[in-house]
>>> print(open('model29.txt').read())   # compact mmCIF, C-alpha atoms
# COMPACT_ATOMS: atom_id res chain seq x y z
CA MET K 776 19.42 -19.02 -13.25
CA TYR K 777 18.86 -17.10 -16.44
CA LYS K 778 15.13 -17.79 -16.29
CA ILE K 779 14.92 -16.73 -12.66
CA ILE K 780 16.60 -13.38 -13.28
CA THR K 781 14.56 -12.73 -16.42
CA GLY K 782 11.39 -13.53 -14.50
CA CYS K 783 12.34 -11.11 -11.73
CA ALA K 784 13.10 -8.43 -14.32
CA LEU K 785 9.69 -8.83 -15.90
CA ILE K 786 7.99 -8.49 -12.52
CA VAL K 787 9.93 -5.27 -11.84
CA LEU K 788 9.04 -3.97 -15.31
CA LEU K 789 5.34 -4.62 -14.75
CA PHE K 790 5.51 -2.95 -11.33
CA PHE K 791 6.95 0.27 -12.69
CA THR K 792 4.70 0.23 -15.75
CA SER K 793 1.69 0.38 -13.46
CA CYS K 794 2.86 3.69 -11.96
CA THR K 795 1.21 6.70 -13.58
CA GLU K 796 1.36 10.45 -13.16
CA GLU K 797 -1.34 12.08 -11.09
CA ASP K 798 -3.31 15.18 -11.88
CA MET K 799 -1.75 18.31 -10.54
CA ASP K 800 -3.61 20.03 -7.73
CA LEU K 801 -1.55 22.16 -5.39
CA ARG K 802 -4.47 23.33 -3.31
CA GLY K 803 -4.83 21.64 0.01
CA THR K 804 -7.81 21.48 2.26
CA SER K 805 -8.36 23.95 5.06
CA PRO K 806 -10.08 22.91 8.24
CA THR K 807 -13.78 23.53 7.93
CA ILE K 808 -16.84 24.16 10.05
CA LYS K 809 -20.41 23.21 9.27
CA LEU K 810 -22.91 25.92 10.15
CA SER K 811 -26.67 26.26 10.04
CA PHE K 812 -28.84 29.29 10.88
CA PHE K 813 -32.30 29.55 12.41
CA LYS K 814 -34.71 32.33 13.16
CA ASP K 815 -37.87 31.65 15.17
CA ALA K 816 -37.06 27.94 14.84
CA VAL K 817 -37.12 28.19 11.05
CA SER K 818 -34.04 27.49 9.00
CA ILE K 819 -32.72 30.57 7.23
CA LYS K 820 -29.76 31.45 5.09
CA PRO K 821 -27.49 34.46 5.46
CA ASP K 822 -27.30 36.93 2.63
CA SER K 823 -23.55 36.97 2.70
CA VAL K 824 -20.58 35.93 4.75
CA SER K 825 -17.10 37.32 5.03
CA ALA K 826 -14.11 36.02 6.90
CA VAL K 827 -12.18 38.56 8.97
CA GLY K 828 -8.71 38.96 7.53
CA ALA K 829 -9.70 37.54 4.16
CA ASP K 830 -9.94 39.32 0.86
CA SER K 831 -13.24 37.97 -0.32
CA ILE K 832 -16.90 38.25 0.71
CA HIS K 833 -19.15 35.42 -0.35
CA ILE K 834 -22.70 36.24 -1.32
CA TYR K 835 -25.04 33.30 -1.28
CA THR K 836 -27.60 33.08 -4.00
CA ASP K 837 -28.50 29.45 -3.58
CA THR K 838 -31.02 27.92 -1.24
CA LEU K 839 -28.62 26.04 0.95
CA ARG K 840 -29.33 26.09 4.63
CA THR K 841 -26.12 24.46 5.80
CA TYR K 842 -22.72 25.87 5.02
CA ILE K 843 -19.33 24.30 5.23
CA LEU K 844 -16.90 27.18 5.59
CA PRO K 845 -13.12 27.08 5.61
CA LEU K 846 -11.39 28.00 8.85
CA ARG K 847 -8.08 29.77 8.91
CA SER K 848 -5.36 27.17 8.51
CA ASP K 849 -2.61 29.47 9.80
CA GLN K 850 -4.07 30.10 13.24
CA ASP K 851 -6.38 28.49 15.79
CA SER K 852 -9.14 31.04 15.47
CA SER K 853 -11.43 32.27 12.72
CA GLU K 854 -13.96 35.07 12.71
CA PHE K 855 -16.85 35.40 10.29
CA THR K 856 -19.41 38.10 9.74
CA PHE K 857 -22.84 36.96 8.58
CA TYR K 858 -25.38 39.38 7.19
CA ILE K 859 -28.90 38.27 7.90
CA ASP K 860 -31.68 40.74 7.09
CA THR K 861 -29.25 43.65 7.38
CA LEU K 862 -28.13 42.37 10.78
CA ALA K 863 -24.38 41.79 11.03
CA SER K 864 -23.56 38.89 13.30
CA ASN K 865 -19.96 38.18 14.21
CA VAL K 866 -19.10 34.58 14.98
CA THR K 867 -15.71 33.56 16.35
CA ILE K 868 -14.62 29.94 16.31
CA LYS K 869 -11.64 28.71 18.27
CA TYR K 870 -10.16 25.32 17.54
CA THR K 871 -7.01 23.21 17.53
CA ARG K 872 -5.43 22.46 14.17
CA ILE K 873 -4.15 18.98 13.51
CA PRO K 874 -2.20 18.32 10.30
CA ILE K 875 -3.05 14.93 8.83
CA TYR K 876 -2.14 12.91 5.77
CA ASP K 877 -5.25 11.70 3.99
CA ILE K 878 -4.59 9.29 1.10
CA ASP K 879 -2.43 11.58 -1.02
CA ILE K 880 -2.99 15.05 0.39
CA ILE K 881 -2.01 16.89 3.56
CA LYS K 882 -4.88 18.62 5.35
CA HIS K 883 -5.50 20.47 8.57
CA ASN K 884 -8.24 19.04 10.70
CA ALA K 885 -9.83 21.17 13.40
CA VAL K 886 -11.03 20.16 16.86
CA PHE K 887 -13.62 22.50 18.32
CA LYS K 888 -12.71 24.48 21.45
CA HIS K 889 -15.39 27.13 21.71
CA ALA K 890 -17.53 29.51 19.70
CA SER K 891 -18.92 32.92 20.45
CA ALA K 892 -21.33 35.15 18.57
CA ASN K 893 -23.52 38.19 19.11
CA HIS K 894 -27.20 38.77 18.38
CA LEU K 895 -27.92 35.17 19.28
CA ASP K 896 -30.66 33.60 21.36
CA SER K 897 -28.87 30.29 21.62
CA MET K 898 -26.16 28.19 20.10
CA VAL K 899 -25.82 24.42 19.75
CA VAL K 900 -22.95 22.26 18.62
CA GLN K 901 -23.64 18.62 17.98
CA ASN K 902 -22.27 15.50 16.40
CA ASN K 903 -23.41 11.89 16.59
CA ASP K 904 -22.34 11.47 20.20
CA ILE K 905 -22.07 14.89 21.79
CA LEU K 906 -24.44 17.80 22.11
CA CYS K 907 -23.55 21.08 23.78
CA SER K 908 -25.69 24.15 23.95
CA VAL K 909 -25.83 27.57 25.50
CA ALA K 910 -28.74 29.97 25.68
CA GLY K 911 -29.36 33.33 27.17
CA PRO K 912 -30.43 36.83 26.46
CA SER K 913 -27.95 38.58 24.31
CA ASP K 914 -27.90 41.63 22.25
CA MET K 915 -24.55 43.06 21.37
CA GLU K 916 -22.84 40.88 23.94
CA LYS K 917 -21.38 37.71 22.70
CA LEU K 918 -22.76 34.36 23.66
CA THR K 919 -19.98 31.81 24.25
CA LEU K 920 -20.25 28.03 23.90
CA THR K 921 -17.57 25.70 25.25
CA CYS K 922 -17.77 21.98 24.77
CA GLY K 923 -15.00 19.56 25.71
CA ASP K 924 -12.25 18.85 23.28
CA SER K 925 -13.41 15.90 21.22
CA LEU K 926 -15.56 17.52 18.56
CA ASN K 927 -13.86 17.14 15.22
CA LEU K 928 -15.17 19.88 12.98
CA THR K 929 -13.74 18.73 9.69
CA THR K 930 -15.51 15.39 9.49
CA ASN K 931 -18.78 17.21 8.68
CA GLU K 932 -20.48 15.17 11.40
CA THR K 933 -20.36 18.17 13.68
CA THR K 934 -22.70 21.09 13.08
CA LEU K 935 -22.80 24.44 14.83
CA ARG K 936 -26.35 25.79 14.86
CA LEU K 937 -26.95 29.46 15.46
CA TYR K 938 -30.42 30.61 16.62
CA TYR K 939 -31.23 34.27 16.13
CA MET G 1002 10.55 10.72 -14.13
CA ARG G 1003 9.91 7.82 -11.77
CA PRO G 1004 8.46 5.45 -14.39
CA LEU G 1005 11.44 6.25 -16.66
CA TYR G 1006 13.78 5.45 -13.81
CA GLY G 1007 11.95 2.19 -13.28
CA TYR G 1008 12.36 1.26 -16.91
CA ILE G 1009 16.09 1.98 -16.72
CA ILE G 1010 16.45 -0.30 -13.72
CA SER G 1011 14.40 -3.02 -15.40
CA ILE G 1012 16.44 -2.81 -18.56
CA LEU G 1013 19.68 -2.91 -16.60
CA LEU G 1014 18.39 -5.94 -14.77
CA LEU G 1015 17.64 -7.66 -18.04
CA LEU G 1016 21.07 -6.73 -19.37
CA THR G 1017 22.58 -8.13 -16.18
CA SER G 1018 20.88 -11.44 -16.78
CA PHE G 1019 22.33 -11.55 -20.31
CA MET G 1020 25.73 -10.62 -18.93
CA VAL G 1021 25.50 -13.43 -16.39
CA LYS G 1022 24.56 -15.81 -19.17
CA ALA G 1023 27.41 -14.56 -21.33
CA GLN G 1024 29.88 -14.83 -18.47
CA GLU G 1025 28.58 -18.23 -17.63
CA THR G 1026 28.95 -19.69 -21.13
CA PRO G 1027 32.72 -19.95 -21.74
CA GLU G 1028 33.62 -21.30 -18.33
CA ALA G 1029 30.53 -23.41 -18.11
CA GLN G 1030 31.16 -24.83 -21.54
CA ASN G 1031 34.72 -25.50 -20.54
CA ALA G 1032 33.56 -27.22 -17.39
CA ASP G 1033 30.87 -29.07 -19.26
CA SER G 1034 33.25 -30.19 -21.98
CA VAL G 1035 35.76 -31.42 -19.45
CA ALA G 1036 33.02 -33.10 -17.49
CA GLN G 1037 31.59 -34.60 -20.64
CA ALA G 1038 35.00 -35.75 -21.67
CA ALA G 1039 35.52 -37.13 -18.24
CA ARG G 1040 32.16 -38.84 -18.34
CA ALA G 1041 32.76 -40.20 -21.83
CA ASP G 1042 36.10 -41.45 -20.77
CA SER G 1043 34.61 -42.81 -17.63
CA ILE G 1044 31.93 -44.74 -19.52
CA ALA G 1045 34.61 -46.26 -21.66
CA ILE G 1046 36.86 -46.92 -18.77
CA VAL G 1047 34.20 -48.16 -16.38
CA ASN G 1048 34.05 -51.41 -18.23
CA GLN G 1049 37.74 -51.83 -17.69
CA LYS G 1050 38.72 -50.08 -14.47
CA ALA G 1051 36.30 -48.77 -11.84
CA ASP G 1052 38.86 -46.54 -10.18
CA SER G 1053 39.35 -44.59 -13.46
CA LEU G 1054 35.86 -43.14 -13.03
CA ASP G 1055 36.89 -41.60 -9.73
CA GLN G 1056 39.87 -40.09 -11.46
CA ALA G 1057 37.65 -38.60 -14.18
CA ASN G 1058 35.36 -37.06 -11.58
CA LYS G 1059 38.33 -35.52 -9.87
CA ILE G 1060 39.33 -33.90 -13.14
CA ALA G 1061 35.83 -32.45 -13.53
CA ASP G 1062 35.75 -31.25 -9.95
CA SER G 1063 39.08 -29.55 -10.37
CA VAL G 1064 37.55 -27.21 -12.93
CA ALA G 1065 34.65 -26.41 -10.72
CA ILE G 1066 34.56 -23.38 -8.49
CA THR G 1067 33.66 -24.75 -5.18
CA GLY G 1068 35.22 -22.33 -2.73
CA SER G 1069 36.28 -23.23 0.75
CA LYS G 1070 34.00 -24.37 3.52
CA PHE G 1071 34.42 -21.05 5.31
CA SER G 1072 34.67 -17.75 3.51
CA VAL G 1073 34.34 -14.05 4.11
CA ASN G 1074 32.39 -12.06 1.56
CA ILE G 1075 31.66 -8.39 1.03
CA PHE G 1076 28.87 -7.09 -1.13
CA ILE G 1077 27.61 -3.85 -2.53
CA ASP G 1078 24.12 -3.11 -3.82
CA TYR G 1079 24.83 -1.98 -7.36
CA GLY G 1080 21.14 -1.33 -8.02
CA LYS G 1081 21.23 1.46 -5.45
CA LEU G 1082 24.49 2.82 -6.83
CA LEU G 1083 22.60 3.62 -10.02
CA THR G 1084 20.65 6.23 -8.05
CA LEU G 1085 23.70 8.31 -7.19
CA PRO G 1086 23.63 10.49 -10.35
CA PHE G 1087 20.03 11.50 -9.68
CA ASP G 1088 18.91 14.37 -7.50
CA PHE G 1089 15.69 12.87 -6.23
CA GLU G 1090 17.10 9.67 -4.81
CA GLN G 1091 20.56 8.81 -3.57
CA LYS G 1092 21.15 5.42 -2.03
CA PHE G 1093 24.15 3.42 -0.96
CA GLU G 1094 24.07 -0.01 0.62
CA GLY G 1095 26.64 -2.69 1.35
CA GLY G 1096 27.73 -5.25 3.87
CA PHE G 1097 29.51 -8.48 4.50
CA TYR G 1098 28.69 -12.03 5.40
CA LEU G 1099 30.44 -15.19 6.48
CA ILE G 1100 29.70 -18.55 4.90
CA PHE G 1101 29.98 -21.68 7.01
CA ASN G 1102 30.13 -25.11 5.43
CA ARG G 1103 29.07 -23.56 2.07
CA LYS G 1104 25.47 -23.40 3.32
CA TRP G 1105 24.93 -21.14 6.30
CA THR G 1106 25.65 -17.45 6.21
CA ILE G 1107 25.54 -14.78 8.84
CA GLY G 1108 26.05 -11.19 7.86
CA ALA G 1109 25.56 -7.52 8.46
CA GLU G 1110 24.52 -4.73 6.15
CA GLY G 1111 24.10 -1.00 6.27
CA GLY G 1112 23.05 1.83 4.05
CA LYS G 1113 22.54 5.53 3.66
CA MET G 1114 19.74 7.24 1.78
CA ASN G 1115 18.63 10.70 0.81
CA LEU G 1116 15.17 10.71 -0.74
CA THR G 1117 13.39 13.62 -2.36
CA PRO G 1118 10.54 11.78 -4.07
CA HIS G 1119 8.76 13.28 -7.03
CA ARG G 1120 5.45 14.77 -5.87
CA PRO G 1121 4.91 12.63 -2.77
CA TYR G 1122 1.78 14.60 -1.88
CA ARG G 1123 -0.69 16.39 -4.10
CA ASN G 1124 0.00 19.59 -2.19
CA GLY G 1125 3.47 19.12 -0.82
CA ASP G 1126 7.00 17.83 -0.96
CA ALA G 1127 9.06 15.65 1.31
CA GLU G 1128 12.72 15.03 1.96
CA VAL G 1129 13.95 12.08 3.98
CA SER G 1130 17.54 11.22 4.84
CA GLY G 1131 19.03 8.69 7.17
CA ILE G 1132 20.99 5.55 7.78
CA TYR G 1133 20.05 1.96 8.53
CA TYR G 1134 21.86 -1.18 9.58
CA GLY G 1135 21.10 -4.75 10.50
CA GLY G 1136 21.98 -8.39 10.39
CA PHE G 1137 20.74 -11.51 8.65
CA LEU G 1138 20.98 -15.28 8.66
CA GLN G 1139 20.66 -17.25 5.42
CA TYR G 1140 20.73 -20.82 4.19
CA PHE G 1141 22.18 -21.53 0.74
CA LEU G 1142 20.93 -24.29 -1.51
CA ASN G 1143 23.52 -24.94 -4.19
CA ILE G 1144 21.83 -25.78 -7.50
CA ASP G 1145 25.06 -26.48 -9.32
CA LEU G 1146 28.67 -25.39 -9.12
CA TYR G 1147 27.81 -21.82 -10.12
CA SER G 1148 24.25 -21.13 -9.03
CA SER G 1149 22.56 -21.16 -5.70
CA LEU G 1150 19.30 -20.16 -4.11
CA PHE G 1151 19.04 -18.92 -0.58
CA ALA G 1152 16.45 -18.05 2.04
CA GLY G 1153 16.85 -16.25 5.28
CA ILE G 1154 15.66 -13.81 7.89
CA GLY G 1155 17.02 -10.50 9.09
CA TYR G 1156 16.43 -7.55 11.32
CA ASN G 1157 17.18 -3.91 10.52
CA ALA G 1158 16.92 -0.60 12.31
CA GLY G 1159 17.45 2.94 11.21
CA SER G 1160 17.34 6.56 12.20
CA PHE G 1161 16.40 9.42 9.93
CA ASP G 1162 15.33 13.03 9.54
CA ASP G 1163 12.43 14.31 7.51
CA TYR G 1164 11.28 17.64 6.16
CA ILE G 1165 7.81 18.18 4.74
CA THR G 1166 6.41 21.32 3.12
CA TYR G 1167 2.83 21.71 1.97
CA THR G 1168 0.37 24.37 0.91
CA ILE G 1169 -3.17 24.87 2.07
CA GLY G 1170 -5.61 27.37 0.68
CA ASP G 1171 -9.32 27.99 0.27
CA ASP G 1172 -11.83 30.42 -1.11
CA PHE G 1173 -11.33 32.91 1.73
CA PHE G 1174 -7.60 32.84 2.19
CA ARG G 1175 -4.73 32.62 -0.21
CA GLU G 1176 -2.55 29.55 -0.17
CA ARG G 1177 -0.01 29.43 2.58
CA THR G 1178 2.98 27.17 2.89
CA TYR G 1179 3.58 25.16 6.03
CA GLU G 1180 6.56 23.09 6.99
CA GLN G 1181 7.38 20.31 9.37
CA ARG G 1182 10.88 19.21 10.27
CA ARG G 1183 11.78 16.32 12.54
CA SER G 1184 15.08 14.67 13.33
CA GLY G 1185 16.23 11.55 15.11
CA LEU G 1186 13.22 9.46 14.09
CA LYS G 1187 13.70 5.73 14.62
CA ALA G 1188 12.23 2.60 13.10
CA ALA G 1189 12.97 -1.12 12.98
CA TRP G 1190 11.79 -3.93 10.76
CA ALA G 1191 12.24 -7.65 10.24
CA THR G 1192 12.96 -9.15 6.83
CA ILE G 1193 12.24 -12.41 5.10
CA ARG G 1194 14.76 -12.90 2.31
CA LEU G 1195 14.66 -15.06 -0.80
CA GLY G 1196 17.45 -14.78 -3.32
CA THR G 1197 19.70 -16.23 -5.90
CA GLU G 1198 23.41 -15.93 -6.51
CA GLN G 1199 25.45 -16.63 -9.61
CA LYS G 1200 29.21 -17.05 -9.49
CA LEU G 1201 31.12 -15.41 -12.30
CA ASN G 1202 34.43 -16.79 -11.11
CA LYS G 1203 36.02 -17.84 -7.86
CA THR G 1204 35.95 -14.31 -6.47
CA ILE G 1205 33.02 -12.47 -7.99
CA ALA G 1206 29.32 -13.27 -7.92
CA LEU G 1207 26.14 -11.45 -8.82
CA GLY G 1208 23.04 -11.86 -6.75
CA GLY G 1209 19.52 -10.70 -6.28
CA VAL G 1210 17.38 -10.88 -3.19
CA ILE G 1211 13.70 -10.27 -2.76
CA GLU G 1212 12.97 -8.91 0.69
CA PHE G 1213 9.65 -8.90 2.43
CA ARG G 1214 9.93 -6.27 5.16
CA ILE G 1215 7.69 -6.16 8.21
CA LYS G 1216 7.73 -3.02 10.31
CA THR G 1217 8.15 -3.93 13.96
CA SER G 1218 8.58 -0.56 15.63
CA PHE G 1219 8.29 3.05 14.66
CA ASP G 1220 8.32 6.15 16.84
CA GLN G 1221 5.42 7.95 15.25
CA PRO G 1222 6.14 11.67 15.63
CA GLU G 1223 3.50 14.32 16.16
CA GLY G 1224 1.99 15.73 13.03
CA ILE G 1225 2.10 14.22 9.60
CA GLU G 1226 3.56 10.77 9.27
CA PRO G 1227 6.95 10.79 7.54
CA TYR G 1228 6.76 9.89 3.87
CA ALA G 1229 9.35 7.11 3.95
CA ILE G 1230 11.74 5.26 6.20
CA PRO G 1231 15.20 4.87 4.61
CA GLY G 1232 15.92 1.20 3.98
CA TYR G 1233 12.32 0.20 4.60
CA GLY G 1234 9.93 1.95 2.24
CA LYS G 1235 6.75 3.97 2.69
CA ALA G 1236 6.36 4.84 6.36
CA ASN G 1237 2.62 4.16 6.46
CA ASP G 1238 2.98 0.63 5.04
CA ARG G 1239 3.11 -2.14 7.62
CA THR G 1240 4.90 -4.39 5.14
CA SER G 1241 7.13 -3.49 2.25
CA PRO G 1242 8.51 -5.68 -0.54
CA ALA G 1243 11.84 -4.89 -2.18
CA LEU G 1244 14.31 -6.23 -4.70
CA ASN G 1245 18.03 -5.74 -4.10
CA LEU G 1246 20.79 -6.49 -6.59
CA TYR G 1247 24.30 -6.99 -5.36
CA LEU G 1248 27.83 -7.67 -6.45
CA LYS G 1249 29.74 -9.95 -4.09
CA LEU G 1250 33.47 -10.40 -3.63
CA SER G 1251 34.80 -13.45 -1.82
CA LEU G 1252 37.92 -12.66 0.15
>>> encode(input="model29.txt", output="structure tokens")
Amino acid sequence: MYKIITGCALIVLLFFTSCTEEDMDLRGTSPTIKLSFFKDAVSIKPDSVSAVGADSIHIYTDTLRTYILPLRSDQDSSEFTFYIDTLASNVTIKYTRIPIYDIDIIKHNAVFKHASANHLDSMVVQNNDILCSVAGPSDMEKLTLTCGDSLNLTTNETTLRLYY
Amino acid sequence: MRPLYGYIISILLLLTSFMVKAQETPEAQNADSVAQAARADSIAIVNQKADSLDQANKIADSVAITGSKFSVNIFIDYGKLLTLPFDFEQKFEGGFYLIFNRKWTIGAEGGKMNLTPHRPYRNGDAEVSGIYYGGFLQYFLNIDLYSSLFAGIGYNAGSFDDYITYTIGDDFFRERTYEQRRSGLKAAWATIRLGTEQKLNKTIALGGVIEFRIKTSFDQPEGIEPYAIPGYGKANDRTSPALNLYLKLSL
């Protein structure tokens, strides 16, 4: 009996010894959208991007052509302004937020509902299985793209391409 | 704080085993000495009178704590009682069981928990509170007059509330805090139980049981999965092992 209880105690001791503190990181992960920009079928990068309602404007100095931008986690809509060759293009993304628990952090995923933007020739949203597109003459009027309800934006498998 | 708490439990468990040993020694020695005396006498007597051996065995048996064939027992999980002084975890569990023919037991147990685990998420906190209850069937294998091993199965169910808060932020927007509160969540699980029990005297016994819990049903609510199910363990685990320590009183 004594040996059995002592053995159990040692197992419990080893179990708790293996628990360790984790690094502290209070920042969660916002839903995101993956964007790419094209002009005359050539990939381009915006000079800067700002999110409506946010405090900061991000100026890109790298050579990236694809951007993963955070969407607003407190509402189902985000609006960005991209500056491309002095042209200001407003892009509005509407989505459904889904809170999820991923390993040890709580995140908001986003499922695409529709996107609209001005100054565009066409717009395409695509992942491995689904492709939706809309084209048409536009100037200041916004071009709107709607595509089902199964495009998960946050997995980075879905890209919204904007053609100017 | 959690590892420290684990150490405290482990140390208490070790101390318990010493206490059991210490409690066992005087009575056991007494029983052993009587039995040895009885046996010694018996060996001497057996050459002369065979019926004297039976008498010696009766003397030894009279010291033993055998209990009756049917008994009613209540138990309390003293391991969980140790959590009551702490803010982050408060647990209470107890129950009763009936013993038939000193081997078969059927019983019921219940508990109440309020859990506020230390940093359950990297970016959030959780609070879970609820009750659980269930029944079990066990078979006892008596090793000697004081010790026994047992194995059994059980089934438990519980209902609970949870409250989760978390923060999300990014380069564009400052961190914001979100919350999620649900109530009346339900879950059920089966248990496989292996344990040991040590009698301290005719009335009191200490025991430990290792439970292997298998989640059988859970009403998954919308949103983030609850952090824990009171009485079961982590909500996202399909199986959950546990060690319970109890103090039993035979009525």
>>> residues_around(input="model29.txt", residues="Gly828 (chain K)", least_positions_apart="4", cutoff="10 Å", atoms="all atoms listed in the file", output="PyMOL selection string")
(chain K and resi 847+853-855) or (chain G and resi 1173-1174)
>>> closest_residue(input="model29.txt", among="K:Ala826, K:Leu920, K:Ile843, K:Leu935", to="chain G", atoms="all atoms listed in the file")
K:Ala826
>>> closest_residue(input="model29.txt", among="K:Val886, K:Ile875, K:Leu926, K:Met898", to="chain G", atoms="only C-alpha atoms")
K:Ile875
>>> atom_distance(input="model29.txt", atom1="CA of Ser1241 (chain G)", atom2="CA of Thr1217 (chain G)")
11.8 Å
>>> atom_distance(input="model29.txt", atom1="CA of Ile1107 (chain G)", atom2="CA of Phe1213 (chain G)")
18.1 Å
>>> residues_around(input="model29.txt", residues="Thr1192 (chain G)", least_positions_apart="4", cutoff="12 Å", atoms="all atoms listed in the file", output="number ranges by chain")
G: 1135-1139, 1152-1158, 1210-1217, 1232-1233, 1240-1244
>>> closest_residue(input="model29.txt", among="G:Glu1110, G:Asp1171, G:Asp1220, G:Asp1238", to="chain K", atoms="all atoms listed in the file")
G:Asp1171
>>> residues_around(input="model29.txt", residues="Cys922 (chain K)", least_positions_apart="6", cutoff="9 Å", atoms="only C-alpha atoms", output="NGL selection string")
:K and (887-889 or 900 or 905-908)
>>> write_last_selection(input="model29.txt", atoms="C-alpha atoms", output="PDB file, in the frame of the given file")
ATOM      1  CA  PHE K 887     -13.620  22.500  18.320  1.00  0.00           C
ATOM      2  CA  LYS K 888     -12.710  24.480  21.450  1.00  0.00           C
ATOM      3  CA  HIS K 889     -15.390  27.130  21.710  1.00  0.00           C
ATOM      4  CA  VAL K 900     -22.950  22.260  18.620  1.00  0.00           C
ATOM      5  CA  ILE K 905     -22.070  14.890  21.790  1.00  0.00           C
ATOM      6  CA  LEU K 906     -24.440  17.800  22.110  1.00  0.00           C
ATOM      7  CA  CYS K 907     -23.550  21.080  23.780  1.00  0.00           C
ATOM      8  CA  SER K 908     -25.690  24.150  23.950  1.00  0.00           C
TER       9      SER K 908
END
>>> axis_aligned_box(input="model29.txt", around="region 1229-1242 of chain G", padding_each_side="6 Å", output="lines of an AutoDock Vina configuration file")
center_x = 9.3
center_y = 0.7
center_z = 3.5
size_x = 25.3
size_y = 24.8
size_z = 20.2
>>> atom_distance(input="model29.txt", atom1="CA of Thr929 (chain K)", atom2="CA of Leu844 (chain K)")
9.9 Å
>>> closest_atom_pairs(input="model29.txt", of="region 828-892 of chain K", to="region 1177-1183 of chain G", cutoff="12 Å", atoms="all atoms listed in the file", output="Markdown table")
| residue | atom | partner | partner_atom | distance |
| --- | --- | --- | --- | --- |
| K:Arg847 | CA | G:Arg1177 | CA | 10.3 |
| K:Ser848 | CA | G:Arg1177 | CA | 8.3 |
| K:Asp849 | CA | G:Arg1177 | CA | 7.7 |
| K:Gln850 | CA | G:Arg1177 | CA | 11.4 |
| K:Pro874 | CA | G:Gln1181 | CA | 9.8 |
| K:Ile875 | CA | G:Gln1181 | CA | 11.7 |
| K:Ile881 | CA | G:Tyr1179 | CA | 10.3 |
| K:Lys882 | CA | G:Tyr1179 | CA | 10.7 |
| K:His883 | CA | G:Tyr1179 | CA | 10.5 |
>>> closest_residue(input="model29.txt", among="G:Ile1165, G:Ala1109, G:Ile1144, G:Ile1205", to="Leu1252 (chain G)", atoms="all atoms listed in the file")
G:Ile1205
